[in-house]
Structure formats: structure tokens, C-alpha cells
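Undergrad: The file below is protein_2.cif, mmCIF, C-alpha atoms:
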```
data_run
#
loop_
_atom_site.label_atom_id
_atom_site.label_comp_id
_atom_site.auth_asym_id
_atom_site.auth_seq_id
_atom_site.Cartn_x
_atom_site.Cartn_y
_atom_site.Cartn_z
CA MET A 1 9.49 59.57 34.54
CA GLN A 2 12.71 57.82 35.42
CA LEU A 3 12.70 54.05 35.13
CA ASN A 4 15.01 51.57 36.82
CA ASP A 5 17.17 49.17 34.89
CA VAL A 6 16.02 45.59 34.61
CA LYS A 7 18.43 42.72 33.93
CA ILE A 8 17.15 40.02 31.64
CA TYR A 9 18.49 36.49 31.47
CA VAL A 10 17.64 34.09 28.70
CA VAL A 11 17.97 30.66 30.23
CA THR A 12 17.84 27.29 28.50
CA ALA A 13 18.69 23.78 29.66
CA GLU A 14 22.09 24.19 28.07
CA ASN A 15 23.17 27.39 29.80
CA TYR A 16 21.31 26.81 33.07
CA ASP A 17 24.41 25.96 35.10
CA GLU A 18 26.20 29.02 33.76
CA PHE A 19 23.16 31.11 34.60
CA VAL A 20 22.99 29.78 38.17
CA GLU A 21 26.64 30.57 38.70
CA GLU A 22 26.44 34.08 37.26
CA PHE A 23 23.13 34.85 38.94
CA THR A 24 24.26 33.67 42.36
CA ALA A 25 27.51 35.59 42.05
CA LYS A 26 25.62 38.75 41.22
CA ASN A 27 22.62 38.46 43.55
CA GLY A 28 23.91 36.26 46.35
CA GLU A 29 20.83 34.05 46.42
CA LEU A 30 19.38 31.75 43.82
CA ALA A 31 15.86 33.03 43.80
CA TYR A 32 14.36 34.45 40.64
CA ILE A 33 11.11 35.04 38.85
CA ALA A 34 10.86 33.17 35.58
CA ILE A 35 8.73 34.16 32.66
CA SER A 36 7.95 32.13 29.55
CA ILE A 37 8.75 33.46 26.09
CA LYS A 38 5.02 33.84 25.38
CA ASP A 39 4.47 35.79 28.58
CA TYR A 40 7.52 37.91 27.84
CA GLU A 41 5.95 38.76 24.48
CA ASN A 42 2.68 39.59 26.22
CA LEU A 43 4.52 41.78 28.72
CA SER A 44 6.24 43.58 25.85
CA LEU A 45 2.93 44.11 24.07
CA ASN A 46 1.35 45.40 27.29
CA ILE A 47 4.16 47.91 27.72
CA ALA A 48 3.78 48.92 24.08
CA GLU A 49 0.10 49.58 24.76
CA LEU A 50 0.98 51.72 27.77
CA ARG A 51 3.48 53.60 25.67
CA ARG A 52 0.90 54.16 22.92
CA TYR A 53 -1.62 55.41 25.49
CA ILE A 54 0.88 57.85 27.03
CA GLU A 55 1.92 59.11 23.62
CA GLN A 56 -1.66 59.61 22.47
CA GLN A 57 -2.67 61.38 25.69
CA LYS A 58 0.31 63.65 25.21
CA GLN A 59 -0.83 64.47 21.68
CA VAL A 60 -4.36 65.18 22.90
CA ILE A 61 -2.91 67.62 25.45
CA VAL A 62 -0.88 69.31 22.72
CA TYR A 63 -4.04 69.52 20.59
CA TYR A 64 -6.01 71.24 23.34
CA GLU A 65 -3.13 73.56 24.16
CA GLU A 66 -3.00 74.64 20.50
CA ALA A 67 -6.78 74.88 20.22
CA VAL A 68 -7.16 77.29 23.15
CA LYS A 69 -4.11 79.36 22.27
CA PRO A 70 -5.05 83.02 21.55
CA GLU A 71 -5.10 83.91 17.85
CA ASP A 72 -2.34 86.52 18.07
CA VAL A 73 -0.01 83.91 19.59
CA VAL A 74 -0.90 81.51 16.78
CA SER A 75 -0.26 84.09 14.06
CA ASP A 76 3.01 85.16 15.72
CA ALA A 77 4.16 81.55 15.83
CA SER A 78 3.27 80.97 12.17
CA GLN A 79 5.30 83.97 10.97
CA MET C 1 -62.01 143.06 -3.15
CA PHE C 2 -58.94 142.99 -5.37
CA SER C 3 -56.63 143.61 -2.46
CA ALA C 4 -58.34 140.79 -0.55
CA ILE C 5 -57.54 138.42 -3.39
CA LYS C 6 -53.96 139.68 -3.43
CA ILE C 7 -53.65 139.15 0.29
CA ALA C 8 -55.14 135.66 -0.08
CA MET C 9 -52.69 134.86 -2.86
CA VAL C 10 -49.76 136.17 -0.87
CA MET C 11 -50.95 134.20 2.15
CA THR C 12 -51.26 131.11 -0.03
CA VAL C 13 -47.77 131.60 -1.39
CA ILE C 14 -46.39 132.16 2.12
CA ALA C 15 -48.29 129.13 3.45
CA THR C 16 -47.07 126.99 0.54
CA ALA C 17 -43.52 128.20 1.04
CA GLY C 18 -43.80 127.51 4.79
CA MET C 19 -45.17 124.04 4.17
CA GLY C 20 -42.44 123.44 1.60
CA TYR C 21 -39.82 124.60 4.05
CA LEU C 22 -41.23 122.32 6.75
CA TYR C 23 -41.38 119.45 4.25
CA VAL C 24 -37.75 119.96 3.26
CA GLN C 25 -36.78 120.23 6.93
CA ARG C 26 -38.50 116.93 7.64
CA LEU C 27 -36.88 115.36 4.60
CA GLN C 28 -33.46 116.52 5.79
CA SER C 29 -34.18 115.20 9.25
CA ASN C 30 -35.25 111.85 7.82
CA LEU C 31 -32.18 111.84 5.62
CA GLU C 32 -29.94 112.39 8.66
CA ILE C 33 -31.66 109.52 10.47
CA ALA C 34 -31.30 107.34 7.38
CA ARG C 35 -27.60 108.23 7.13
CA ALA C 36 -27.09 107.41 10.79
CA ASN C 37 -28.92 104.10 10.29
CA VAL C 38 -26.80 103.29 7.25
CA ALA C 39 -23.65 104.02 9.27
CA LYS C 40 -24.87 101.72 12.05
CA MET C 41 -25.75 99.04 9.51
CA GLU C 42 -22.30 99.35 7.93
CA VAL C 43 -20.71 98.86 11.35
CA ALA C 44 -22.98 95.86 11.99
CA VAL C 45 -22.14 94.39 8.58
CA GLN C 46 -18.42 94.94 9.23
CA ILE C 47 -18.72 93.21 12.61
CA SER C 48 -20.62 90.34 10.99
CA GLU C 49 -18.02 90.02 8.23
CA ASP C 50 -15.23 90.04 10.81
CA SER C 51 -17.05 87.37 12.79
CA ILE C 52 -17.50 85.24 9.67
CA ALA C 53 -13.82 85.68 8.80
CA THR C 54 -12.83 84.70 12.36
CA LEU C 55 -15.13 81.68 12.26
CA GLN C 56 -13.77 80.61 8.88
CA ALA C 57 -10.21 80.98 10.15
CA ASP C 58 -11.14 78.95 13.24
CA VAL C 59 -12.70 76.24 11.09
CA ILE C 60 -9.53 76.01 8.99
CA ARG C 61 -7.31 76.03 12.09
CA ASN C 62 -9.42 73.38 13.82
CA ALA C 63 -9.33 71.22 10.71
CA GLU C 64 -5.53 71.53 10.62
CA LEU C 65 -5.27 70.74 14.34
CA ASN C 66 -7.57 67.75 13.92
CA ALA C 67 -5.57 66.45 10.99
CA THR C 68 -2.35 66.84 12.98
CA LEU C 69 -3.89 65.10 15.98
CA GLN C 70 -5.15 62.18 13.89
CA SER C 71 -1.74 61.82 12.27
CA GLU C 72 0.02 61.92 15.66
CA LEU C 73 -2.44 59.41 17.15
CA GLN C 74 -1.69 57.08 14.27
CA ARG C 75 2.03 57.65 14.69
CA ALA C 76 1.70 56.57 18.31
CA GLU C 77 0.59 53.16 17.05
CA ALA C 78 3.89 52.68 15.22
CA TYR C 79 5.85 51.22 18.12
CA GLY C 80 3.22 48.57 18.89
CA ASP C 81 2.85 47.71 15.22
CA GLU C 82 6.61 47.40 14.86
CA LEU C 83 6.79 45.18 17.93
CA ARG C 84 3.95 42.92 16.77
CA ALA C 85 5.59 42.60 13.36
CA THR C 86 8.93 41.71 14.98
CA LEU C 87 7.34 39.14 17.29
CA ASN C 88 5.43 37.61 14.38
CA LYS C 89 8.50 37.53 12.20
CA HIS C 90 10.76 35.77 14.69
CA ASN C 91 10.21 32.62 16.69
CA LEU C 92 11.70 33.79 19.97
CA THR C 93 11.55 30.34 21.56
CA TYR C 94 13.56 28.87 18.71
CA LEU C 95 16.03 31.76 18.73
CA ALA C 96 16.41 31.60 22.51
CA LEU C 97 17.19 27.90 22.29
CA GLN C 98 19.68 28.39 19.47
CA LYS C 99 21.43 31.58 20.62
CA PRO C 100 20.47 32.47 24.19
CA GLY C 101 23.37 34.89 24.60
CA LEU C 102 22.52 36.85 21.47
CA ILE C 103 18.82 37.00 22.29
CA GLU C 104 19.61 38.02 25.87
CA ASN C 105 21.69 40.95 24.59
CA ARG C 106 19.01 41.95 22.09
CA MET C 107 16.31 41.83 24.76
CA GLN C 108 18.45 43.72 27.22
CA ASN C 109 19.27 46.46 24.70
CA ALA C 110 15.67 46.75 23.56
CA THR C 111 14.47 46.94 27.17
CA ASP C 112 17.04 49.60 28.05
CA THR C 113 16.03 51.59 24.97
CA LEU C 114 12.37 51.24 25.89
CA TRP C 115 12.96 52.62 29.38
CA ASP C 116 14.87 55.54 27.86
CA ASP C 117 12.07 56.17 25.36
CA LEU C 118 9.43 56.05 28.07
CA GLY C 119 11.47 58.51 30.11
CA ALA C 120 11.76 60.80 27.08
CA ILE C 121 8.09 60.78 26.08
CA THR C 122 7.02 61.56 29.64
CA ASP C 123 9.51 64.39 29.99
CA PRO C 124 7.37 67.53 30.57
CA ASN C 125 10.00 69.70 28.84
CA ARG C 126 9.55 67.74 25.63
CA VAL C 127 5.76 67.55 25.51
CA GLN C 128 5.56 68.87 21.95
CA GLN C 129 8.11 66.47 20.55
CA SER C 130 7.25 63.01 19.37
CA GLU C 131 9.51 60.04 19.81
CA THR C 132 7.12 57.39 18.64
CA GLY C 133 8.55 54.38 16.86
CA THR C 134 12.03 53.04 16.78
CA THR C 135 14.51 52.19 14.15
CA ASP C 136 15.52 49.10 16.06
CA THR C 137 13.94 46.00 14.53
CA SER C 138 14.64 44.02 17.69
CA SER C 139 12.05 46.06 19.58
CA ASN C 140 11.24 44.78 23.02
#
```
Let me see the structure of the file written as C-alpha cells.
TA:
Amino acid sequence: MQLNDVKIYVVTAENYDEFVEEFTAKNGELAYIAISIKDYENLSLNIAELRRYIEQQKQVIVYYEEAVKPEDVVSDASQ
Amino acid sequence: MFSAIKIAMVMTVIATAGMGYLYVQRLQSNLEIARANVAKMEVAVQISEDSIATLQADVIRNAELNATLQSELQRAEAYGDELRATLNKHNLTYLALQKPGLIENRMQNATDTLWDDLGAITDPNRVQQSETGTTDTSSN
């Protein structure tokens, strides 16, 4: 799985003008999707859950691969 | 009369000897069958013992595999636990208001690392390796 980069901006009232300038220079248009800190945390937790699920499924696959491996292969590997 | 008794005695001896011979023959035959049965039983016992040994080895192996799986499943929880702890520990809203540039960099680095980690754990060539958890306390 190859994932694309995502640029994150932390914007407050104080750095908003700076953000608008930098963002417009980079993207051409001033159109963006904003997300609150709480929703960012939720998004992070959701991704962590996905990651946990992938990792656990992977371990279940490894478990079944080991469980059905012929005994001679297992004993060879343990030597 | 005397010779008739002698003949009868000889006949009796011959008959007894013949019956004895037949009895011994039957005993030997039964003994051969019993030996063959014992040999078959020994083979059956050996097969049973081998099966029990195989089953016991399988039970031990399955227990080990189960223990490893449980441990790996728990290890997979580490990243989420770390993240929850980090989010609970820090007030991101406060930090973002105080140091937006620093938080932006931290978030960006954590996000980049996360994408790399996700790429690594879904790499089919590294299925048997675990990359769960991070050492970065600013987990995304």
C-alpha cells in the first residue's frame, strides 16, 4: 500500500493571514477543508483503529500459515 | 488272547502318540497365530503411540502459536493506546493556539510517519514482521 502525502496546516486567528498567503501561493486558490482539533483527534483515532485492524488481520494470517505448515518444515525451521 | 492285548496296547500307544502329535501340531499352529496377532498388536500399539505423540506435539505447537497470536494481537493495540495517551496528555487546542508552527510540524511529521508505517505493515514481503507501536510520543 502506497499512501499519498498530506499537508497539514495549523491555523489560528493570529497566523491566519500568513496561512492565506502561503496557502494561496502553493495551491493557487483559497479553498480548503477545515477540521477542528477534536475532529482531527477523532480522525487520528479512526486511522489508529484501521491500523490495529490491519495489523491484527496480518497476525491472524501468519498464525494460520504457521498452523497449516507441514511438520517437517516446522522442525527444519526450529533447528 | 495275549497277542490281542499286546496289539490293543500298541494301538493305544500309537493312537495316544498320534493324538499327542496332533495336539502339539494344533498348539504350534495356535502359537503361530498368537505370535502373528501379537506382532499386529505391537504394530497397532506403535501406530497409536505415534499418533498420541503427534497429537501431543500438535497440542504444544498450537498452544505456542496461540500464545504468540494473543501476544501479537495485544501488541497491535500499542499504537492506539499510545495515541490515546498522547491525546489525553496534551491539550492540542491550547498547544495549537500557543505554538501553531511547532504543532503543525509535529502533526506533519507524525502523519508522514504514519503513512510510512501503514505502507510497511501492508507490504506483502514483510508479512511476518511486526512494526506495531512507535517510539514517537507525538503520535498522530
Undergrad: Might you spell out which residues the PyMOL selection byres ((chain C) within 7 of (chain A)) would select in the displayed file, as number ranges by chain?
TA: C: 65, 69, 72-73, 76-77, 79-80, 92-93, 96-97, 100, 104, 108, 112, 115, 118-119, 121-123, 127-128, 140
Undergrad: What is the CA of Asn125 in chain C to CA of Glu65 in chain A distance in Å?
TA: 14.5 Å
Undergrad: Carefully work through the PyMOL selection byres ((chain C and resi 49-59) around 12) for this structure and note down the residues it includes, as a list in words.
TA: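 Taken over the shown coordinates, the PyMOL selection byres ((chain C and resi 49-59) around 12) returns Glu66, Ala67, Val68, Lys69, Pro70, Glu71, Val74 and Ser75 of chain A; Met41, Glu42, Val43, Ala44, Val45, Gln46, Ile47, Ser48, Ile60, Arg61, Asn62, Ala63, Glu64, Leu65 and Asn66 of chain C.
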Undergrad: Could you write out the selected residues, including C-alpha atoms, as a short mmCIF file (atom, residue, chain, number, x, y, z; two decimals), in the frame of the given file?
TA:
```cif
data_model
loop_
_atom_site.label_atom_id
_atom_site.label_comp_id
_atom_site.auth_asym_id
_atom_site.auth_seq_id
_atom_site.Cartn_x
_atom_site.Cartn_y
_atom_site.Cartn_z
CA GLU A 66 -3.00 74.64 20.50
CA ALA A 67 -6.78 74.88 20.22
CA VAL A 68 -7.16 77.29 23.15
CA LYS A 69 -4.11 79.36 22.27
CA PRO A 70 -5.05 83.02 21.55
CA GLU A 71 -5.10 83.91 17.85
CA VAL A 74 -0.90 81.51 16.78
CA SER A 75 -0.26 84.09 14.06
CA MET C 41 -25.75 99.04 9.51
CA GLU C 42 -22.30 99.35 7.93
CA VAL C 43 -20.71 98.86 11.35
CA ALA C 44 -22.98 95.86 11.99
CA VAL C 45 -22.14 94.39 8.58
CA GLN C 46 -18.42 94.94 9.23
CA ILE C 47 -18.72 93.21 12.61
CA SER C 48 -20.62 90.34 10.99
CA ILE C 60 -9.53 76.01 8.99
CA ARG C 61 -7.31 76.03 12.09
CA ASN C 62 -9.42 73.38 13.82
CA ALA C 63 -9.33 71.22 10.71
CA GLU C 64 -5.53 71.53 10.62
CA LEU C 65 -5.27 70.74 14.34
CA ASN C 66 -7.57 67.75 13.92
#
```
Undergrad: Between CA of Asn30 in chain C and CA of Thr12 in chain C, what is the distance, to one decimal in Å?
TA: 26.2 Å
Undergrad: Could you please determine the separation between CA of Glu18 in chain A and CA of Leu95 in chain C in Å, to one decimal place?
TA: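 Between CA of Glu18 in chain A and CA of Leu95 in chain C the gap is 18.4 Å.
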Undergrad: Around all the atoms of range 62-66 of chain A listed in the file, with 6 Å of room on each side, what axis-aligned box do you get, giving centre and edge lengths in Å to one decimal, as JSON?
TA:
```
{"center_x": -3.4, "center_y": 72.0, "center_z": 22.3, "size_x": 17.1, "size_y": 17.3, "size_z": 15.7}
```
Undergrad: Rank A:Tyr32, A:Asn42, A:Asn27, A:Tyr16 by their smallest atom-to-atom distance to Leu87 in chain C, using all atoms listed in the file, and report the top residue only.
TA: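 Answer, going by the shortest atom-to-atom distance: A:Asn42.
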